[in-house]
file target-v6.cif (mmCIF, C-alpha atoms)
data_data
loop_
_atom_site.group_PDB
_atom_site.id
_atom_site.type_symbol
_atom_site.label_atom_id
_atom_site.label_comp_id
_atom_site.auth_asym_id
_atom_site.auth_seq_id
_atom_site.Cartn_x
_atom_site.Cartn_y
_atom_site.Cartn_z
ATOM 1 C CA MET A 1 56.914 -102.690 73.143
ATOM 2 C CA LYS A 2 60.666 -102.502 72.773
ATOM 3 C CA ASP A 3 61.056 -104.166 76.148
ATOM 4 C CA LYS A 4 58.974 -107.125 74.947
ATOM 5 C CA LYS A 5 61.115 -107.575 71.837
ATOM 6 C CA ILE A 6 64.325 -107.424 73.854
ATOM 7 C CA LYS A 7 62.883 -109.869 76.382
ATOM 8 C CA ASN A 8 61.861 -112.308 73.616
ATOM 9 C CA LYS A 9 65.344 -112.127 72.079
ATOM 10 C CA GLU A 10 66.950 -112.782 75.464
ATOM 11 C CA GLU A 11 64.661 -115.760 76.076
ATOM 12 C CA LYS A 12 65.470 -117.158 72.653
ATOM 13 C CA SER A 13 69.194 -116.759 73.166
ATOM 14 C CA ARG A 14 69.078 -118.561 76.528
ATOM 15 C CA ARG A 15 67.823 -121.777 74.998
ATOM 16 C CA PHE A 16 70.075 -124.800 74.527
ATOM 17 C CA PRO A 17 72.668 -124.421 71.782
ATOM 18 C CA LYS A 18 71.846 -126.080 68.500
ATOM 19 C CA PHE A 19 73.855 -129.147 67.550
ATOM 20 C CA TYR A 20 74.439 -129.709 63.915
ATOM 21 C CA VAL A 21 75.382 -132.939 62.149
ATOM 22 C CA LEU A 22 79.007 -131.850 61.914
ATOM 23 C CA ASP A 23 79.151 -131.321 65.698
ATOM 24 C CA VAL A 24 77.855 -134.839 66.299
ATOM 25 C CA VAL A 25 80.383 -136.297 63.844
ATOM 26 C CA ILE A 26 83.273 -134.498 65.593
ATOM 27 C CA VAL A 27 82.169 -135.707 69.035
ATOM 28 C CA LEU A 28 81.815 -139.299 67.765
ATOM 29 C CA LEU A 29 85.245 -139.084 66.148
ATOM 30 C CA ILE A 30 86.872 -137.907 69.386
ATOM 31 C CA VAL A 31 85.133 -140.643 71.402
ATOM 32 C CA SER A 32 86.181 -143.341 68.909
ATOM 33 C CA VAL A 33 89.834 -142.188 68.989
ATOM 34 C CA LEU A 34 89.864 -142.282 72.801
ATOM 35 C CA LEU A 35 88.291 -145.758 72.800
ATOM 36 C CA GLY A 36 90.829 -146.922 70.216
ATOM 37 C CA ILE A 37 93.722 -145.748 72.361
ATOM 38 C CA TYR A 38 92.236 -147.433 75.421
ATOM 39 C CA PHE A 39 91.766 -150.761 73.622
ATOM 40 C CA ARG A 40 95.236 -150.619 72.073
ATOM 41 C CA TYR A 41 97.005 -150.228 75.398
ATOM 42 C CA SER A 42 94.818 -152.370 77.632
ATOM 43 C CA VAL A 43 92.589 -154.970 76.031
ATOM 44 C CA PHE A 44 94.749 -155.989 73.050
ATOM 45 C CA ASP A 45 97.896 -156.209 75.191
ATOM 46 C CA MET A 46 96.174 -158.797 77.382
ATOM 47 C CA PHE A 47 95.542 -160.958 74.322
ATOM 48 C CA GLY A 48 99.060 -160.484 72.944
ATOM 49 C CA ASN A 49 100.701 -160.904 76.344
ATOM 50 C CA SER A 50 102.970 -157.982 75.576
ATOM 51 C CA LYS A 51 102.488 -156.255 78.934
ATOM 52 C CA ASN A 52 104.307 -158.892 80.992
ATOM 53 C CA GLN A 53 107.168 -159.564 78.574
ATOM 54 C CA VAL A 54 110.717 -159.327 79.842
ATOM 55 C CA GLU A 55 113.967 -158.951 77.936
ATOM 56 C CA VAL A 56 116.068 -162.119 77.977
ATOM 57 C CA GLU A 57 119.397 -163.414 76.754
ATOM 58 C CA VAL A 58 119.164 -166.756 74.952
ATOM 59 C CA SER A 59 122.534 -168.519 74.887
ATOM 60 C CA PHE A 60 123.070 -170.970 72.036
ATOM 61 C CA SER A 61 125.676 -173.231 70.498
ATOM 62 C CA ILE A 62 126.337 -174.078 66.871
ATOM 63 C CA LYS A 63 128.137 -177.307 66.048
ATOM 64 C CA ASN A 64 130.301 -178.276 63.097
ATOM 65 C CA ILE A 65 129.851 -175.318 60.752
ATOM 66 C CA ASN A 66 132.129 -174.008 58.019
ATOM 67 C CA TYR A 67 134.869 -171.808 59.510
ATOM 68 C CA THR A 68 133.753 -168.809 57.380
ATOM 69 C CA THR A 69 130.140 -168.857 58.623
ATOM 70 C CA GLY A 70 130.988 -166.753 61.680
ATOM 71 C CA MET A 71 132.183 -163.940 59.416
ATOM 72 C CA HIS A 72 128.615 -163.536 58.166
ATOM 73 C CA ILE A 73 127.027 -163.075 61.607
ATOM 74 C CA ASP A 74 127.252 -159.608 63.164
ATOM 75 C CA ILE A 75 126.084 -157.956 66.393
ATOM 76 C CA ASP A 76 122.539 -156.535 66.017
ATOM 77 C CA ASP A 77 121.652 -158.891 63.144
ATOM 78 C CA SER A 78 117.977 -159.846 63.280
ATOM 79 C CA VAL A 79 117.323 -163.547 63.769
ATOM 80 C CA TYR A 80 114.248 -165.326 62.356
ATOM 81 C CA PHE A 81 112.890 -168.863 62.563
ATOM 82 C CA LYS A 82 113.319 -170.613 59.224
ATOM 83 C CA SER A 83 110.147 -172.650 59.716
ATOM 84 C CA ASP A 84 107.676 -169.762 59.834
ATOM 85 C CA GLY A 85 109.693 -166.544 59.411
ATOM 86 C CA SER A 86 108.717 -165.224 62.845
ATOM 87 C CA THR A 87 111.164 -163.034 64.730
ATOM 88 C CA PHE A 88 113.447 -164.651 67.297
ATOM 89 C CA GLY A 89 115.523 -161.644 68.389
ATOM 90 C CA VAL A 90 118.805 -159.818 67.788
ATOM 91 C CA ILE A 91 122.392 -161.127 67.981
ATOM 92 C CA MET A 92 124.302 -159.769 70.997
ATOM 93 C CA ALA A 93 128.019 -159.446 71.727
ATOM 94 C CA ASN A 94 129.328 -162.729 73.128
ATOM 95 C CA THR A 95 130.657 -161.033 76.280
ATOM 96 C CA GLU A 96 130.431 -157.510 77.704
ATOM 97 C CA ASN A 97 134.000 -156.683 76.662
ATOM 98 C CA SER A 98 133.818 -158.332 73.261
ATOM 99 C CA GLN A 99 132.839 -156.775 69.958
ATOM 100 C CA ARG A 100 132.348 -160.216 68.436
ATOM 101 C CA PRO A 101 129.012 -161.978 68.202
ATOM 102 C CA LEU A 102 130.377 -165.539 68.438
ATOM 103 C CA HIS A 103 132.974 -167.365 70.482
ATOM 104 C CA GLU A 104 134.520 -169.749 67.953
ATOM 105 C CA PHE A 105 136.658 -172.827 68.594
ATOM 106 C CA PHE A 106 137.817 -175.892 66.678
ATOM 107 C CA ALA A 107 135.060 -178.378 66.043
ATOM 108 C CA GLU A 108 135.333 -181.706 67.779
ATOM 109 C CA GLN A 109 133.597 -184.967 67.185
ATOM 110 C CA THR A 110 133.617 -188.088 69.345
ATOM 111 C CA VAL A 111 133.641 -191.482 67.687
ATOM 112 C CA ASN A 112 133.753 -195.049 68.896
ATOM 113 C CA LYS A 113 136.839 -196.741 67.481
ATOM 114 C CA ASP A 114 137.119 -200.424 68.384
ATOM 115 C CA GLY A 115 135.161 -199.913 71.618
ATOM 116 C CA GLU A 116 137.200 -196.882 72.613
ATOM 117 C CA ILE A 117 135.772 -193.319 72.590
ATOM 118 C CA VAL A 118 138.080 -191.076 70.575
ATOM 119 C CA THR A 119 137.755 -187.295 70.197
ATOM 120 C CA ILE A 120 138.663 -185.948 66.775
ATOM 121 C CA THR A 121 139.453 -182.250 66.326
ATOM 122 C CA TYR A 122 139.052 -180.792 62.857
ATOM 123 C CA PRO A 123 142.119 -179.055 61.417
ATOM 124 C CA PRO A 124 142.228 -175.222 61.224
ATOM 125 C CA ASN A 125 140.298 -173.528 58.413
ATOM 126 C CA THR A 126 137.804 -176.346 57.997
ATOM 127 C CA ARG A 127 135.033 -176.761 60.600
ATOM 128 C CA ILE A 128 134.281 -174.891 63.840
ATOM 129 C CA ASP A 129 131.870 -174.867 66.764
ATOM 130 C CA ALA A 130 130.595 -171.572 68.172
ATOM 131 C CA ASP A 131 128.643 -170.116 71.085
ATOM 132 C CA GLY A 132 126.595 -166.915 71.012
ATOM 133 C CA LYS A 133 123.673 -164.989 72.470
ATOM 134 C CA ILE A 134 120.386 -163.611 71.172
ATOM 135 C CA LYS A 135 118.486 -160.793 72.893
ATOM 136 C CA CYS A 136 114.714 -161.228 72.729
ATOM 137 C CA LYS A 137 111.472 -160.699 74.661
ATOM 138 C CA GLY A 138 109.030 -163.140 76.132
ATOM 139 C CA ILE A 139 107.223 -164.408 79.193
ATOM 140 C CA PHE A 140 108.403 -166.843 81.851
ATOM 141 C CA ALA A 141 105.558 -169.112 82.912
ATOM 142 C CA LYS A 142 105.052 -170.220 86.515
ATOM 143 C CA ASP A 143 106.438 -173.664 85.667
ATOM 144 C CA GLY A 144 109.702 -172.112 84.401
ATOM 145 C CA SER A 145 109.002 -172.500 80.698
ATOM 146 C CA PHE A 146 109.523 -169.548 78.355
ATOM 147 C CA MET A 147 107.202 -168.164 75.679
ATOM 148 C CA LEU A 148 109.172 -166.190 73.086
ATOM 149 C CA ASN A 149 107.239 -163.042 72.080
ATOM 150 C CA GLY A 150 104.386 -164.413 74.177
ATOM 151 C CA ASN A 151 103.473 -167.054 71.604
ATOM 152 C CA LYS A 152 106.294 -169.542 70.836
ATOM 153 C CA PHE A 153 107.662 -171.997 73.387
ATOM 154 C CA ILE A 154 111.457 -172.373 73.583
ATOM 155 C CA ALA A 155 113.597 -174.236 76.127
ATOM 156 C CA ALA A 156 117.186 -175.190 76.859
ATOM 157 C CA GLY A 157 118.226 -178.233 74.832
ATOM 158 C CA GLN A 158 115.890 -177.360 71.950
ATOM 159 C CA THR A 159 117.382 -177.186 68.436
ATOM 160 C CA GLU A 160 116.008 -174.641 65.949
ATOM 161 C CA THR A 161 117.005 -173.652 62.435
ATOM 162 C CA VAL A 162 117.333 -169.866 62.323
ATOM 163 C CA CYS A 163 118.253 -167.294 59.696
ATOM 164 C CA THR A 164 119.868 -163.888 59.509
ATOM 165 C CA GLU A 165 120.047 -161.875 56.296
ATOM 166 C CA ARG A 166 123.190 -163.728 55.215
ATOM 167 C CA VAL A 167 123.274 -167.145 56.853
ATOM 168 C CA THR A 168 121.066 -170.047 57.983
ATOM 169 C CA VAL A 169 122.247 -172.272 60.851
ATOM 170 C CA ALA A 170 120.906 -174.837 63.301
ATOM 171 C CA ILE A 171 121.348 -173.642 66.877
ATOM 172 C CA THR A 172 120.898 -175.499 70.151
ATOM 173 C CA ILE A 173 119.543 -173.337 72.966
ATOM 174 C CA THR A 174 121.715 -173.771 76.048
ATOM 175 C CA ASP A 175 120.263 -171.229 78.491
ATOM 176 C CA ILE A 176 117.585 -168.534 78.866
ATOM 177 C CA THR A 177 118.396 -165.750 81.329
ATOM 178 C CA GLU A 178 116.471 -162.587 82.144
ATOM 179 C CA ILE A 179 118.454 -159.407 81.469
ATOM 180 C CA SER A 180 118.579 -157.188 84.533
ATOM 181 C CA PRO A 181 117.095 -153.718 83.954
#
call {"tool": "encode", "arguments": {"input": "target-v6.cif", "output": "structure tokens"}}
result
Amino acid sequence: MKDKKIKNKEEKSRRFPKFYVLDVVIVLLIVSVLLGIYFRYSVFDMFGNSKNQVEVEVSFSIKNINYTTGMHIDIDDSVYFKSDGSTFGVIMANTENSQRPLHEFFAEQTVNKDGEIVTITYPPNTRIDADGKIKCKGIFAKDGSFMLNGNKFIAAGQTETVCTERVTVAITITDITEISP
């Protein structure tokens, strides 16, 4: 008789384990987290074009600004488009050996005086021109165009009004070059 009871208990214990509601919830939670991670790093990146983005250096020029404006632009300042507030990039040092963000020089203006082209240079401490660089990310298209952050077209010769925390200026993009890794 005892053998039958022991045998019945062994048979009962060999059955499939019981799953409770909490077990099912935990399994579903783990599966949803894994799916979320997969979608974040594969599917959504295809839509945002962030997988193929490269780091670039956008060279720009600023014409005829107040001579004190350059004092309000620093390396690593964030740059935004004034039109929609989207991020452009970060100000870089003008050259590898420089700790300055802009290369400044006296502003010049050409005028036609009695049929003759004359270049006028502004006196010191009045107006300046400047050149600089912005580091940003984007995608080069097959036709050579560039999509900033994968969603905004920019090109050499284009003029944009941009802002930092302390200054707003109109820049003209002069060149877009990929930064070597």
call {"tool": "closest_residue", "arguments": {"input": "target-v6.cif", "among": "A:Val54, A:Ile65, A:Ile91, A:Val24", "to": "A:Phe106", "atoms": "only C-alpha atoms"}}
result
A:Ile65
call {"tool": "closest_atom_pairs", "arguments": {"input": "target-v6.cif", "of": "stretch 9-121 of chain A", "to": "stretch 171-178 of chain A", "cutoff": "9 Å", "atoms": "all atoms listed in the file", "output": "Markdown table"}}
result
| residue | atom | partner | partner_atom | distance |
| --- | --- | --- | --- | --- |
| A:Val54 | CA | A:Glu178 | CA | 7.0 |
| A:Glu55 | CA | A:Glu178 | CA | 6.1 |
| A:Val56 | CA | A:Glu178 | CA | 4.2 |
| A:Glu57 | CA | A:Thr177 | CA | 5.2 |
| A:Val58 | CA | A:Ile176 | CA | 4.6 |
| A:Ser59 | CA | A:Asp175 | CA | 5.0 |
| A:Phe60 | CA | A:Ile173 | CA | 4.3 |
| A:Ser61 | CA | A:Thr172 | CA | 5.3 |
| A:Ile62 | CA | A:Ile171 | CA | 5.0 |
| A:Lys63 | CA | A:Ile171 | CA | 7.8 |
call {"tool": "closest_residue", "arguments": {"input": "target-v6.cif", "among": "A:Lys113, A:Lys152, A:His72, A:Arg100", "to": "A:Thr164", "atoms": "all atoms listed in the file"}}
result
A:His72
call {"tool": "closest_residue", "arguments": {"input": "target-v6.cif", "among": "A:Ile75, A:Leu28, A:Val167, A:Leu35", "to": "A:Ala93", "atoms": "all atoms listed in the file"}}
result
A:Ile75
call {"tool": "closest_residue", "arguments": {"input": "target-v6.cif", "among": "A:Ile179, A:Ile139, A:Val169, A:Glu160", "to": "A:Asp84", "atoms": "all atoms listed in the file"}}
result
A:Glu160
call {"tool": "closest_residue", "arguments": {"input": "target-v6.cif", "among": "A:Phe19, A:Gly138, A:Leu29, A:Asn94", "to": "A:Ile154", "atoms": "all atoms listed in the file"}}
result
A:Gly138
call {"tool": "atom_distance", "arguments": {"input": "target-v6.cif", "atom1": "atom CA of A:Ser98", "atom2": "atom CA of A:Met71"}}
result
15.0 Å
call {"tool": "closest_residue", "arguments": {"input": "target-v6.cif", "among": "A:Leu148, A:Ala107, A:Ile26, A:Ile120", "to": "A:Cys136", "atoms": "only C-alpha atoms"}}
result
A:Leu148
call {"tool": "atom_distance", "arguments": {"input": "target-v6.cif", "atom1": "atom CA of A:Val79", "atom2": "atom CA of A:Asn125"}}
result
25.6 Å
call {"tool": "atom_distance", "arguments": {"input": "target-v6.cif", "atom1": "atom CA of A:Thr69", "atom2": "atom CA of A:Gln158"}}
result
21.3 Å
call {"tool": "residues_around", "arguments": {"input": "target-v6.cif", "residues": "A:Glu108", "least_positions_apart": "6", "cutoff": "7 Å", "atoms": "all atoms listed in the file", "output": "mmCIF file with C-alpha atoms, in the coordinates of the input"}}
result
data_model
loop_
_atom_site.group_PDB
_atom_site.id
_atom_site.type_symbol
_atom_site.label_atom_id
_atom_site.label_comp_id
_atom_site.auth_asym_id
_atom_site.auth_seq_id
_atom_site.Cartn_x
_atom_site.Cartn_y
_atom_site.Cartn_z
ATOM 1 C CA THR A 119 137.755 -187.295 70.197
ATOM 2 C CA ILE A 120 138.663 -185.948 66.775
ATOM 3 C CA THR A 121 139.453 -182.250 66.326
ATOM 4 C CA TYR A 122 139.052 -180.792 62.857
#
call {"tool": "residues_around", "arguments": {"input": "target-v6.cif", "residues": "A:Gly89", "least_positions_apart": "3", "cutoff": "8 Å", "atoms": "all atoms listed in the file", "output": "PyMOL selection string"}}
result
chain A and resi 78-80+134-137
call {"tool": "write_last_selection", "arguments": {"input": "target-v6.cif", "atoms": "C-alpha atoms", "output": "short mmCIF file (atom, residue, chain, number, x, y, z; two decimals), keeping the file's coordinate frame"}}
result
data_model
loop_
_atom_site.label_atom_id
_atom_site.label_comp_id
_atom_site.auth_asym_id
_atom_site.auth_seq_id
_atom_site.Cartn_x
_atom_site.Cartn_y
_atom_site.Cartn_z
CA SER A 78 117.98 -159.85 63.28
CA VAL A 79 117.32 -163.55 63.77
CA TYR A 80 114.25 -165.33 62.36
CA ILE A 134 120.39 -163.61 71.17
CA LYS A 135 118.49 -160.79 72.89
CA CYS A 136 114.71 -161.23 72.73
CA LYS A 137 111.47 -160.70 74.66
#
call {"tool": "resolve_selection", "arguments": {"input": "target-v6.cif", "expression": "the PyMOL selection byres ((chain A and resi 162) around 6)", "output": "VMD selection string"}}
result
chain A and resid 80 to 82 161 163 168 to 169
